Amino acid sequence: MSTDAWKELQHAIEEITEIAEGFGLDFYPMRYEICPADIIYTFGAYGMPTRYTHWSFGKQFYKMKLQYDLGLSKIYELVINSDPCYAFLLDSNSLIQNKLIVAHVLAHCDFFKNNVRFSNTRRDMVESMSATAERIAHYEHVHGKAEVERFLDAVLAIQEHIDPSLVRPKLSWSMEDEPEEEIKPKRSEFDDLWNLDATKEPGRRESKKKAFPPKPEKDILLFIEEYSRELEPWQRDVLTMMREEMLYFWPQLETKIMNEGWASYWHARIIREMDLTSAEAVEFAKLNANVVQPSRTTINPYYLGLKIFEDIEQCYNEPSEEMKRQGVKPGSGREKIFEVREIESDLSFIRNYLTKDLVMREDMYLFQKQGADYKIVDKDWEEVRDQLVSSRINGGFPYLVVTDGDFLKNGELYIQHRYESTELDVGYLEKVLPYLHQLWGRSVHVETVINDKAVTFTYDGNKVHRKYL
């Protein structure tokens, strides 16, 4: 980028920042970097500017870069949830493209800073991931690259199975813990009468196996980290670091539709406040249309999030009589969308604000592939809403919990799939089971539902077994 072009972009950034602050957006200090495509796609594949090396990142890079080279897709920017907030812009972007992108990333940063799901994320994760990369590189030097990569393969296979709860106690119970002593009532002179029919021998206490864990544990990574007898200290350290990284990324999975909708809402309104040339106005209209255009077969999070935010604003600007009786004031739409951006995730955002009118207006429907064709199977607005809600539960990943860490009193791991009409991918499950066995060190069982029948998949270290219950 030439000096004149950079100065022009800097002037645009200052203007856009001032407009965004005037609208009430609240973001961290911003740092902008202009990068070539190789760098942008490397960051896109790794998810961050600095991260440990793994073959899966290289695979993702070549896939994304090939699509860019063939003109099939293009990453215009990347923005990092950190303080300060880093935004990386593609060096081939035009000035108006960068203006749109700067407005877009400012809204993303506002979302990162103010949405409750991000409240516990580390804002120094760029530095933390750099330190993690150095430690993993050290372990590769000590234990061998192949051994470390083999362990990373296992952890990455189950990395989504964490508990991102905003508040949760740390696991503190182990198989070696003794059952708590009974709390004995205060003795009285009538105790002998009450105990006449007792069959329990004097001084003998009934033994009962205490549940391990005491209640189903969703955070499989944390459970393995704390209770696996197989892990060496360096492996436990790596598992701890990788779980920390997944906790950082998880809010982005929970708020994809909201986050992109919020950024799309604001980039349009910010750019409209600027004094564009005729050529810039036309190019912006084309760019914006490409970003938020609906799809016939998939959900465009930019479009759906934008439309829901616009619908909320309109409903609260012009409330119905029922809404007025509930205390909603006319003209409160802008205030309401800021409130929604602060307290909701995709799950509640869709459940609470995807209305019948919006579903009908956008002609949303459910479809299935039947034979070689896709067929519309339902247009009922509640079915559409509920299906979208279901797809966002647990970030879109299967909900699995550890129910027994000492199954068969042999230290085996028993996991249950909380089945809700969506079956596990059996092929994927059978490939993941050996990784779970590698991490746990003993036989692993996963209970789920296939074709409406309960079934348990077991890996004993040699092969996968399937047993219908």
# chains A, B, ... in the order shown; residues from 1 in each chain; ligands from 1
>>> residues_around(residues="region 149-155 of chain A", least_positions_apart="3", cutoff="8 Å", atoms="only C-alpha atoms", output="list in words")
His54, Lys145, Ala146, Ile158, Gln159, Gln235, Leu239, Met242, Val432, Tyr435, Leu436, Gln438 and Leu439 of chain A
>>> closest_residue(among="A:Leu424, A:Leu433, A:Val340, A:Val359", to="Gly461 (chain A)", atoms="only C-alpha atoms")
A:Leu433
>>> closest_residue(among="A:Pro164, A:Gly327, A:Pro319, A:Pro301", to="Trp262 (chain A)", atoms="only C-alpha atoms")
A:Pro301
>>> closest_residue(among="A:Asn288, A:Asn462, A:Gln368, A:Thr132", to="Arg243 (chain A)", atoms="only C-alpha atoms")
A:Thr132
